[in-house]
Structures are given as structure tokens and as C-alpha cells.
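Participant: Below is the file final.cif, which contains mmCIF, C-alpha atoms and all ligand atoms.
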```cif
data_start
loop_
_atom_site.label_atom_id
_atom_site.label_comp_id
_atom_site.auth_asym_id
_atom_site.auth_seq_id
_atom_site.Cartn_x
_atom_site.Cartn_y
_atom_site.Cartn_z
CA THR A 1 -9.23 -0.86 15.89
CA VAL A 2 -7.33 -4.01 15.08
CA GLU A 3 -9.44 -6.06 17.58
CA ASP A 4 -12.52 -5.36 15.45
CA SER A 5 -11.33 -7.84 12.91
CA GLU A 6 -10.02 -11.35 13.49
CA VAL A 7 -8.25 -11.29 10.15
CA ALA A 8 -6.50 -8.00 10.70
CA THR A 9 -5.06 -9.28 14.02
CA ASP A 10 -2.67 -11.69 12.27
CA PHE A 11 -1.83 -9.32 9.48
CA ASP A 12 1.19 -7.02 9.71
CA LEU A 13 0.29 -4.00 7.60
CA ASN A 14 3.63 -2.25 8.10
CA GLU A 15 5.49 -5.26 6.79
CA TYR A 16 3.09 -5.51 3.84
CA LEU A 17 3.42 -1.80 2.97
CA LEU A 18 7.21 -1.92 3.24
CA SER A 19 7.40 -5.01 1.05
CA LYS A 20 5.34 -3.29 -1.67
CA LYS A 21 6.82 0.19 -1.38
CA ASP A 22 10.32 -0.59 -2.72
CA ASP A 23 8.93 -2.26 -5.84
CA ILE A 24 6.44 0.57 -6.42
CA GLU A 25 9.12 3.25 -6.00
CA ALA A 26 11.46 1.44 -8.41
CA ALA A 27 8.69 1.16 -11.02
CA LEU A 28 7.77 4.84 -10.57
CA LYS A 29 11.38 5.95 -10.95
CA ALA A 30 11.84 3.93 -14.15
CA SER A 31 8.58 5.26 -15.62
CA VAL A 32 9.84 8.85 -15.87
CA ALA A 33 13.47 8.22 -16.83
CA SER A 34 14.59 10.61 -19.57
CA THR A 35 15.49 8.91 -22.85
CA MET A 36 17.24 11.82 -24.61
CA PRO A 37 18.97 15.08 -23.63
CA GLN A 38 16.02 17.18 -24.87
CA THR A 39 13.63 15.59 -22.38
CA GLU A 40 15.83 15.97 -19.30
CA LYS A 41 14.07 19.03 -17.92
CA ILE A 42 10.48 17.81 -18.24
CA CYS A 43 11.41 14.37 -16.92
CA GLU A 44 13.26 15.93 -13.97
CA SER A 45 10.17 17.96 -13.09
CA MET A 46 7.92 14.85 -13.38
CA ASP A 47 10.39 12.83 -11.30
CA TYR A 48 10.65 15.57 -8.66
CA SER A 49 6.98 15.34 -7.70
CA LEU A 50 6.48 11.64 -8.42
CA MET A 51 9.37 10.69 -6.10
CA ALA A 52 8.64 13.28 -3.38
CA GLY A 53 7.62 10.73 -0.75
CA GLY A 54 3.87 10.09 -0.91
CA LYS A 55 2.24 7.27 1.02
CA ARG A 56 1.58 5.34 -2.24
CA ILE A 57 -1.90 4.37 -1.05
CA ARG A 58 -3.37 4.16 -4.56
CA PRO A 59 -0.70 1.80 -5.98
CA VAL A 60 -0.87 -0.40 -2.87
CA LEU A 61 -4.68 -0.59 -3.11
CA CYS A 62 -4.42 -1.59 -6.77
CA ILE A 63 -1.87 -4.34 -6.13
CA ALA A 64 -3.67 -5.63 -3.02
CA ALA A 65 -6.98 -5.86 -4.94
CA CYS A 66 -5.30 -7.70 -7.83
CA GLU A 67 -3.71 -10.18 -5.41
CA MET A 68 -7.04 -10.70 -3.62
CA PHE A 69 -8.35 -12.27 -6.84
CA GLY A 70 -5.24 -14.36 -7.43
CA GLY A 71 -3.48 -11.93 -9.78
CA THR A 72 0.19 -11.00 -9.45
CA GLN A 73 1.91 -7.75 -8.57
CA GLU A 74 3.47 -7.67 -12.06
CA VAL A 75 0.06 -7.60 -13.69
CA ALA A 76 -1.08 -4.65 -11.56
CA MET A 77 2.14 -2.63 -11.49
CA PRO A 78 1.69 -0.56 -14.71
CA THR A 79 -1.77 0.52 -13.51
CA ALA A 80 -0.40 1.13 -9.99
CA VAL A 81 2.21 3.44 -11.54
CA ALA A 82 -0.44 5.18 -13.68
CA LEU A 83 -2.60 5.86 -10.61
CA GLU A 84 0.30 7.51 -8.80
CA MET A 85 1.11 9.55 -11.95
CA ILE A 86 -2.49 10.81 -12.07
CA HIS A 87 -2.51 11.54 -8.33
CA THR A 88 0.80 13.42 -8.66
CA MET A 89 -0.51 15.44 -11.63
CA SER A 90 -3.53 16.47 -9.55
CA LEU A 91 -1.30 17.59 -6.67
CA ILE A 92 1.01 19.62 -8.97
CA HIS A 93 -1.99 21.37 -10.53
CA ASP A 94 -3.75 21.79 -7.16
CA ASP A 95 -0.70 23.65 -5.78
CA LEU A 96 -0.46 26.13 -8.70
CA PRO A 97 -0.89 29.87 -8.07
CA SER A 98 -4.24 29.82 -9.92
CA MET A 99 -5.54 27.05 -7.61
CA ASP A 100 -4.41 26.68 -3.96
CA ASN A 101 -1.19 28.65 -4.46
CA ASP A 102 0.88 26.45 -2.14
CA ASP A 103 4.66 26.75 -1.78
CA LEU A 104 5.09 23.51 0.13
CA ARG A 105 3.89 19.93 -0.39
CA ARG A 106 5.02 17.05 1.83
CA GLY A 107 7.49 19.48 3.44
CA LYS A 108 9.24 20.26 0.14
CA PRO A 109 8.91 23.21 -2.28
CA THR A 110 6.08 22.61 -4.76
CA ASN A 111 6.81 21.81 -8.39
CA HIS A 112 6.16 25.34 -9.71
CA ILE A 113 8.43 26.86 -7.05
CA ILE A 114 11.33 24.76 -8.36
CA TYR A 115 10.57 24.57 -12.10
CA GLY A 116 8.30 27.57 -12.72
CA GLU A 117 4.58 27.61 -13.39
CA ASP A 118 4.96 26.89 -17.11
CA VAL A 119 7.00 23.71 -16.66
CA ALA A 120 4.86 22.57 -13.68
CA ILE A 121 1.68 22.71 -15.81
CA LEU A 122 3.42 20.76 -18.57
CA ALA A 123 4.85 18.20 -16.12
CA GLY A 124 1.28 17.57 -14.89
CA ASP A 125 0.02 17.20 -18.46
CA ALA A 126 2.89 14.85 -19.32
CA LEU A 127 2.24 12.69 -16.23
CA LEU A 128 -1.44 12.45 -17.15
CA SER A 129 -0.89 11.39 -20.74
CA THR A 130 2.01 9.09 -19.87
CA SER A 131 -0.21 7.29 -17.35
CA PHE A 132 -2.54 6.06 -20.11
CA GLN A 133 0.33 5.12 -22.38
CA HIS A 134 1.91 3.19 -19.53
CA VAL A 135 -1.17 1.03 -18.84
CA ALA A 136 -1.74 0.30 -22.53
CA GLN A 137 1.91 -0.43 -23.29
CA GLU A 138 3.26 -2.15 -20.17
CA THR A 139 0.42 -4.33 -18.86
CA PRO A 140 1.49 -7.97 -19.41
CA LYS A 141 -0.14 -9.60 -22.44
CA THR A 142 -1.51 -12.35 -20.19
CA VAL A 143 -4.31 -9.89 -19.40
CA SER A 144 -7.05 -9.76 -22.06
CA PRO A 145 -7.35 -6.55 -24.14
CA GLU A 146 -10.97 -6.22 -22.87
CA ARG A 147 -9.80 -6.02 -19.27
CA ILE A 148 -7.05 -3.50 -20.12
CA LEU A 149 -9.58 -1.38 -22.02
CA ASP A 150 -11.95 -1.48 -19.04
CA VAL A 151 -9.14 -0.16 -16.80
CA ILE A 152 -8.29 2.63 -19.27
CA ILE A 153 -11.94 3.73 -19.52
CA ARG A 154 -12.24 3.85 -15.73
CA LEU A 155 -8.99 5.81 -15.39
CA GLY A 156 -10.17 8.34 -17.98
CA LYS A 157 -13.54 8.75 -16.28
CA SER A 158 -11.87 9.30 -12.89
CA VAL A 159 -10.01 12.40 -14.10
CA GLY A 160 -12.91 14.04 -15.99
CA PRO A 161 -16.15 15.84 -15.06
CA VAL A 162 -17.28 12.98 -12.78
CA GLY A 163 -13.81 12.68 -11.30
CA LEU A 164 -10.91 14.85 -10.16
CA ALA A 165 -11.57 17.81 -12.48
CA GLY A 166 -15.32 17.96 -11.74
CA GLY A 167 -14.74 17.57 -7.99
CA GLN A 168 -12.17 20.35 -8.02
CA VAL A 169 -14.48 22.74 -9.92
CA MET A 170 -17.35 22.08 -7.49
CA ASP A 171 -14.87 22.63 -4.62
CA LEU A 172 -13.81 25.99 -6.12
CA GLU A 173 -17.47 26.98 -6.51
CA CYS A 174 -18.22 26.20 -2.86
CA GLU A 175 -15.17 28.01 -1.47
CA GLY A 176 -16.13 30.79 0.89
CA LYS A 177 -19.83 30.17 0.16
CA GLU A 178 -22.46 30.06 2.90
CA GLY A 179 -24.87 27.14 3.11
CA VAL A 180 -22.70 24.37 1.67
CA THR A 181 -24.54 21.18 2.64
CA LEU A 182 -23.38 17.75 3.72
CA GLU A 183 -24.57 16.53 0.33
CA ASP A 184 -22.37 19.11 -1.49
CA LEU A 185 -19.38 18.21 0.66
CA THR A 186 -19.88 14.50 0.03
CA TRP A 187 -20.16 15.13 -3.75
CA ILE A 188 -16.86 17.03 -3.72
CA HIS A 189 -15.01 14.36 -1.76
CA THR A 190 -16.54 11.50 -3.71
CA HIS A 191 -15.21 13.01 -6.95
CA LYS A 192 -11.96 14.63 -5.78
CA THR A 193 -10.75 11.79 -3.61
CA ALA A 194 -12.87 8.63 -3.55
CA THR A 195 -13.10 8.19 -7.34
CA LEU A 196 -9.37 7.60 -7.81
CA LEU A 197 -9.30 5.20 -4.85
CA GLN A 198 -12.27 3.39 -6.43
CA VAL A 199 -10.42 3.03 -9.71
CA ALA A 200 -7.35 1.83 -7.84
CA VAL A 201 -9.23 -1.04 -6.21
CA ALA A 202 -11.56 -1.76 -9.14
CA SER A 203 -8.77 -1.86 -11.72
CA GLY A 204 -6.66 -4.11 -9.49
CA ALA A 205 -9.66 -6.42 -9.18
CA ILE A 206 -10.29 -6.38 -12.95
CA LEU A 207 -6.64 -7.16 -13.72
CA GLY A 208 -6.74 -9.97 -11.14
CA GLY A 209 -9.71 -11.57 -12.90
CA ALA A 210 -12.67 -10.44 -10.75
CA THR A 211 -16.27 -10.76 -12.00
CA PRO A 212 -18.38 -7.58 -12.49
CA GLU A 213 -20.16 -8.26 -9.15
CA GLU A 214 -16.83 -8.62 -7.37
CA VAL A 215 -15.57 -5.39 -8.96
CA GLU A 216 -18.70 -3.64 -7.70
CA ALA A 217 -18.11 -4.85 -4.13
CA CYS A 218 -14.56 -3.48 -4.40
CA GLU A 219 -15.90 -0.13 -5.59
CA MET A 220 -18.26 0.12 -2.61
CA PHE A 221 -15.32 -0.63 -0.34
CA ALA A 222 -13.21 2.11 -1.95
CA LEU A 223 -15.97 4.73 -2.01
CA ASN A 224 -16.41 4.35 1.73
CA ILE A 225 -12.69 4.40 2.56
CA GLY A 226 -12.33 7.46 0.30
CA LEU A 227 -15.01 9.36 2.19
CA ALA A 228 -13.60 8.18 5.53
CA PHE A 229 -10.19 9.43 4.37
CA GLN A 230 -11.60 12.94 3.93
CA VAL A 231 -13.54 12.91 7.19
CA ALA A 232 -10.32 11.78 8.94
CA ASP A 233 -8.40 14.54 7.15
CA ASP A 234 -10.84 17.20 8.38
CA ILE A 235 -10.63 15.77 11.92
CA LEU A 236 -6.81 15.84 11.77
CA ASP A 237 -6.91 19.48 10.66
CA VAL A 238 -8.95 20.43 13.72
CA THR A 239 -7.06 18.31 16.26
CA ALA A 240 -3.61 19.27 14.90
CA SER A 241 -4.38 22.98 14.97
CA THR A 242 -6.02 22.66 18.40
CA GLU A 243 -2.89 20.97 19.78
CA ASP A 244 -0.56 23.49 18.12
CA LEU A 245 -2.37 26.72 18.79
CA GLY A 246 -4.65 26.16 21.74
CA LYS A 247 -8.35 25.40 21.61
CA THR A 248 -9.63 28.87 20.74
CA ALA A 249 -7.47 29.14 17.64
CA ALA A 250 -8.53 25.88 15.95
CA LYS A 251 -7.83 26.76 12.33
CA ASP A 252 -10.93 25.00 11.10
CA LEU A 253 -13.33 27.31 12.87
CA ASP A 254 -12.58 30.43 10.87
CA ALA A 255 -11.25 29.05 7.57
CA ASP A 256 -13.56 29.68 4.58
CA LYS A 257 -13.79 25.96 3.88
CA THR A 258 -16.75 23.73 4.77
CA THR A 259 -15.62 20.61 6.65
CA TYR A 260 -17.23 17.60 8.31
CA PRO A 261 -16.44 18.86 11.85
CA LYS A 262 -18.12 22.17 10.97
CA LEU A 263 -21.27 20.46 9.70
CA LEU A 264 -21.40 17.51 12.11
CA GLY A 265 -19.25 18.51 15.10
CA LEU A 266 -15.97 16.81 16.02
CA GLU A 267 -17.38 13.86 17.96
CA GLU A 268 -20.05 13.07 15.36
CA SER A 269 -17.38 13.27 12.62
CA LYS A 270 -15.33 10.62 14.45
CA VAL A 271 -18.41 8.39 14.64
CA GLU A 272 -19.05 8.96 10.91
CA ALA A 273 -15.46 8.06 9.96
CA ARG A 274 -15.72 4.81 11.94
CA ARG A 275 -19.13 4.03 10.40
CA LEU A 276 -17.75 4.53 6.87
CA ILE A 277 -14.80 2.23 7.59
CA ASP A 278 -17.06 -0.47 9.05
CA GLU A 279 -19.32 -0.23 6.00
CA ALA A 280 -16.29 -0.44 3.71
CA LYS A 281 -15.04 -3.57 5.46
CA ALA A 282 -18.47 -5.20 5.27
CA SER A 283 -18.28 -5.03 1.43
CA LEU A 284 -15.26 -7.35 1.51
CA GLU A 285 -16.80 -10.04 3.71
CA PRO A 286 -17.37 -12.42 0.75
CA PHE A 287 -13.61 -12.55 0.13
CA GLY A 288 -12.65 -13.99 3.54
CA GLU A 289 -9.08 -13.81 4.67
CA LYS A 290 -7.77 -12.89 1.21
CA ALA A 291 -9.13 -9.41 2.03
CA ALA A 292 -6.74 -8.97 5.00
CA PRO A 293 -4.44 -6.38 3.31
CA LEU A 294 -7.37 -4.22 2.14
CA LEU A 295 -9.09 -4.48 5.54
CA ALA A 296 -5.90 -3.40 7.30
CA ILE A 297 -5.48 -0.45 4.89
CA ALA A 298 -9.07 0.60 5.71
CA ASP A 299 -8.24 0.75 9.42
CA TYR A 300 -4.98 2.56 8.72
CA ILE A 301 -6.83 5.27 6.79
CA ILE A 302 -8.63 6.56 9.85
CA GLU A 303 -5.88 5.79 12.35
CA ARG A 304 -3.10 7.60 10.46
CA SER A 305 -1.69 10.84 11.74
CA ASN A 306 -0.58 12.43 8.44
C1 LIG B 1 -5.88 18.87 -14.46
C2 LIG B 1 -7.55 17.15 -15.27
C3 LIG B 1 -6.91 17.85 -14.16
C4 LIG B 1 -7.28 17.52 -12.90
C5 LIG B 1 -6.71 18.12 -11.71
C6 LIG B 1 -6.30 19.96 -9.23
C7 LIG B 1 -7.32 18.95 -9.55
C8 LIG B 1 -7.77 18.79 -10.94
C9 LIG B 1 -7.88 18.16 -8.61
C10 LIG B 1 -7.50 18.23 -7.19
C11 LIG B 1 -7.39 16.88 -6.67
C12 LIG B 1 -6.93 16.85 -5.26
C13 LIG B 1 -5.81 17.69 -4.82
C14 LIG B 1 -7.55 15.99 -4.45
C15 LIG B 1 -7.17 15.76 -3.05
C16 LIG B 1 -6.65 14.37 -3.02
C17 LIG B 1 -6.00 13.97 -1.75
C18 LIG B 1 -6.83 13.30 -0.72
C19 LIG B 1 -4.68 14.14 -1.57
C20 LIG B 1 -3.88 13.61 -0.48
O1 LIG B 1 -3.62 12.27 -0.81
P1 LIG B 1 -2.58 11.40 -0.01
O2 LIG B 1 -2.78 11.57 1.48
O3 LIG B 1 -1.22 12.11 -0.39
O4 LIG B 1 -2.60 10.01 -0.54
P2 LIG B 1 0.26 11.57 -0.42
O5 LIG B 1 1.11 12.79 -0.13
O6 LIG B 1 0.44 10.50 0.62
O7 LIG B 1 0.48 11.06 -1.79
#
```
What would you get if you wrote out this structure as C-alpha cells?
Ligand code: GRG

Facilitator:
Amino acid sequence: TVEDSEVATDFDLNEYLLSKKDDIEAALKASVASTMPQTEKICESMDYSLMAGGKRIRPVLCIAACEMFGGTQEVAMPTAVALEMIHTMSLIHDDLPSMDNDDLRRGKPTNHIIYGEDVAILAGDALLSTSFQHVAQETPKTVSPERILDVIIRLGKSVGPVGLAGGQVMDLECEGKEGVTLEDLTWIHTHKTATLLQVAVASGAILGGATPEEVEACEMFALNIGLAFQVADDILDVTASTEDLGKTAAKDLDADKTTYPKLLGLEESKVEARRLIDEAKASLEPFGEKAAPLLAIADYIIERSN
């Protein structure tokens, strides 16, 4: 809760998120503008999912981390945009018929429903490759090439075998399987979800001029909020379906997916989410009140309702 932290008490997260969101949305929109008639279709498909109303948590984390070390929003924005492009690519591909086969995302038809499976795959590929181009090309030259390279390496790693793609494959392997352990579940969520949040905070810190030790503290923070995010998500799934359908029909109980409430129980999962958030916040203690935005985002992650 907000009372847990003196710093968070004076900090208005809603105002902060609103002030960042317009700039982020404008930069996202511009990043996928078509430059010639031949690219209209692919750019429209990229734009459709990129602008479909996400919470923009990854860009905000990147900018907030950069500002915590005295960097500016301008310095972090190309990387913030790249992170949302990568996130959007992963959602487009996750929704495909060969993966989760979802028709709806954020209350709107999924990319392949509108543009077809062929174009949706290509829009994901184009978002992924454009993300790297964007960081390399648009990051202000006031940032040293070494720091930009560090960000690009981390972004690349976060999508590969020890990132989104590896986490997704392990998730597919565990689907419907008996005996999935807490360790398996944590591996999946670390790689599918926490890794991109870690790169968001770490790259913001790097661009803002942080030392390697400071970057590491930021990564610990993000790993723990990433895991808390998933625990909270699993809790929301149970409580939402319990409210909607009545206690006996809680969707989580019979789905073929292993979740934290299934392994730990609902009450213990809530305790675990809180513990992860407290641990995350402890990593930022050295940064004093400059950490207020990140601390408030950490609380928001487990208090959110969507
Ligand atoms: C094709 C190389 C390659 C990778 C893609 C499909 C896939 C591999 C990975 C799946 C990644 C995935 C769907 C992870 C879940 C991430 C997650 C927590 C999504 C929800 O994030 P929010 O709440 O979403 O930030 P909004 O809608 O707010 O943007």
C-alpha cells in the first residue's frame, strides 16, 4: 500500500503516467508511419497492434529509470519505443492460431483476425527488426556508442532463448503437463515476462549514465516486479472468474495451466506477490527519493485490476 513508503505518499503516479503516456504514444505512432504507398499495408498492421491501447509499462519503466540517473526522456525514448515494439510483436505472435489462437486482445480483434495470419506474422517480424534499427538510429548522439551497444545486446538477449522465445517454448512444453513445479513456473515467467521488464529498467539506467552496480540493482528490482506481475495476474484470473461465475466455477481450477494459486493457494500467492514487491523496492533504497516513480509503479503492479 501507499503508506508502506514515505516517498510514494507524495508521489502522484496517475499524474506521472498521464504526463508520459502522450509523449510515448506520439513517438510510437511516428515510428510506424508508412513512407511509401507500397508499405501502407504492413505499416497499418504494425500500427493497429502498437496503438491498440496497452498500459505502456515497459516504456514508462525505461524512461523513469533513465530519469532516476539524471538522464532525459529524449535519451530514453527510442529504446522505450523499441521495448513496446518488441512487446507488441510478442503479443501478435502469441495470439496466432499456432500459439494461443486468440480472437481478442485488449477487447479488440487480434492482428491476424483483421489482417490475416500471413500479414500478422510479418508485422511481428517487422516490429522486431525495426525495434533494433530504431535504437541504433534514433538514440541521441550525446549517449556513447558503448552504452547504445550495451542496450542493443540486452534487447537481443531478451527476445532469444533466455528471453521471450525460450520462455514461450518452455511454457508450451509445460502446457497440460502434470507435475510442473514452482521452479518451472518461475523459469517461464522470468523469461516470458520479467526479462523484458529487466531490459526496460536496465537500459533506461544505462542510457541515464548508471554504473554497472547501479544497473544490477535496477535489474533485481525489475526481476522481482516482473514475477510479482505474473503472480498478480494469476490471482486476478482466479478472483475475476470467481466473481463472475460463482466460487465453484473458478476458471483456474480446471484449466490445463499451472498457476501460482494452484501451487501455493490463493492466500499464499497474495503474500508472495507482496513479498516480491517489497524485495523489489528494497533494491532501490540506495537511490532515495529519485526512485519515487519506480517505487510507485511497483505498488501499482500488484494493485492493478487489469
Ligand atoms: C517471435 C522471437 C519471438 C518471440 C515471441 C509469443 C512469444 C515469443 C512470447 C510470448 C510472450 C508473452 C505473450 C508474454 C506475456 C507477457 C505479458 C505479461 C503480457 C501482458 O503485458 P501487459 O499487461 O499488456 O503489459 P498491455 O496490454 O498493457 O500492453

Participant: Using only C-alpha atoms and all ligand atoms, which protein or nucleic acid residues are at most 8 Å from ligand LIG 1 (chain B), as a short mmCIF file (atom, residue, chain, number, x, y, z; two decimals) with C-alpha atoms, keeping the file's coordinate frame?

Facilitator:
```cif
data_model
loop_
_atom_site.label_atom_id
_atom_site.label_comp_id
_atom_site.auth_asym_id
_atom_site.auth_seq_id
_atom_site.Cartn_x
_atom_site.Cartn_y
_atom_site.Cartn_z
CA GLY A 53 7.62 10.73 -0.75
CA GLY A 54 3.87 10.09 -0.91
CA LYS A 55 2.24 7.27 1.02
CA ARG A 56 1.58 5.34 -2.24
CA ILE A 57 -1.90 4.37 -1.05
CA ARG A 58 -3.37 4.16 -4.56
CA GLU A 84 0.30 7.51 -8.80
CA HIS A 87 -2.51 11.54 -8.33
CA THR A 88 0.80 13.42 -8.66
CA MET A 89 -0.51 15.44 -11.63
CA SER A 90 -3.53 16.47 -9.55
CA LEU A 91 -1.30 17.59 -6.67
CA ILE A 92 1.01 19.62 -8.97
CA HIS A 93 -1.99 21.37 -10.53
CA ASP A 94 -3.75 21.79 -7.16
CA ASP A 95 -0.70 23.65 -5.78
CA MET A 99 -5.54 27.05 -7.61
CA ARG A 105 3.89 19.93 -0.39
CA ARG A 106 5.02 17.05 1.83
CA GLY A 124 1.28 17.57 -14.89
CA ASP A 125 0.02 17.20 -18.46
CA LEU A 128 -1.44 12.45 -17.15
CA VAL A 159 -10.01 12.40 -14.10
CA GLY A 160 -12.91 14.04 -15.99
CA LEU A 164 -10.91 14.85 -10.16
CA ALA A 165 -11.57 17.81 -12.48
CA GLY A 166 -15.32 17.96 -11.74
CA GLY A 167 -14.74 17.57 -7.99
CA GLN A 168 -12.17 20.35 -8.02
CA VAL A 169 -14.48 22.74 -9.92
CA LYS A 192 -11.96 14.63 -5.78
CA THR A 193 -10.75 11.79 -3.61
CA PHE A 229 -10.19 9.43 4.37
CA GLN A 230 -11.60 12.94 3.93
CA ASN A 306 -0.58 12.43 8.44
#
```

Participant: In terms of the shortest atom-to-atom distance over only C-alpha atoms, which of A:Val32, A:Ala202, A:Thr259, A:Leu207 is closest to Glu146 (chain A)?

Facilitator: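 That would be A:Leu207, the residue with the smallest distance to Glu146 (chain A).
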
Participant: With only C-alpha atoms as the basis for distance, which of A:Ile42, A:Val180, A:Ala82, A:Ala65 is at the shortest distance from Glu214 (chain A)?

Facilitator: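 Selected residue with least distance to Glu214 (chain A): A:Ala65.
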
Participant: Could you tell me how far CA of Lys21 (chain A) lies from CA of Ala210 (chain A), in Å and to one decimal?

Facilitator: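 That distance, rounded to one decimal, is 24.1 Å.
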
Participant: Using only C-alpha atoms, pick whichever of A:Glu178, A:Asp47, A:Arg154, A:Leu295 has the shortest atom-to-atom distance to Ala126 (chain A).

Facilitator: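 Ranking A:Glu178, A:Asp47, A:Arg154, A:Leu295 by distance to Ala126 (chain A), first place goes to A:Asp47.
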
Participant: Quick one, how far is CA of Ser283 (chain A) from CA of Met220 (chain A)?

Facilitator: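 Rounded to one decimal, the two atoms are 6.5 Å apart.
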
Participant: Taking all atoms listed in the file into account, name the residue in A:Leu182, A:Ile225, A:Val60, A:Leu236 that is nearest to Leu18 (chain A).

Facilitator: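 Looking at the shortest contact to Leu18 (chain A), the residue is A:Val60.
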
Participant: Tell me which of A:Glu173, A:Ser203, A:Gly208, A:Cys62 sits closest to Val151 (chain A), counting all atoms listed in the file.

Facilitator: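 Nearest to Val151 (chain A): A:Ser203.
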
Participant: With a distance cut-off of 9 Å and all atoms listed in the file, select the neighbouring residues of Gly209 (chain A), excluding the residue or stretch itself and same-chain residues fewer than 5 positions from it, and output the selection as a ChimeraX atom specification.

Facilitator: /A:66,69-71,143,147,204
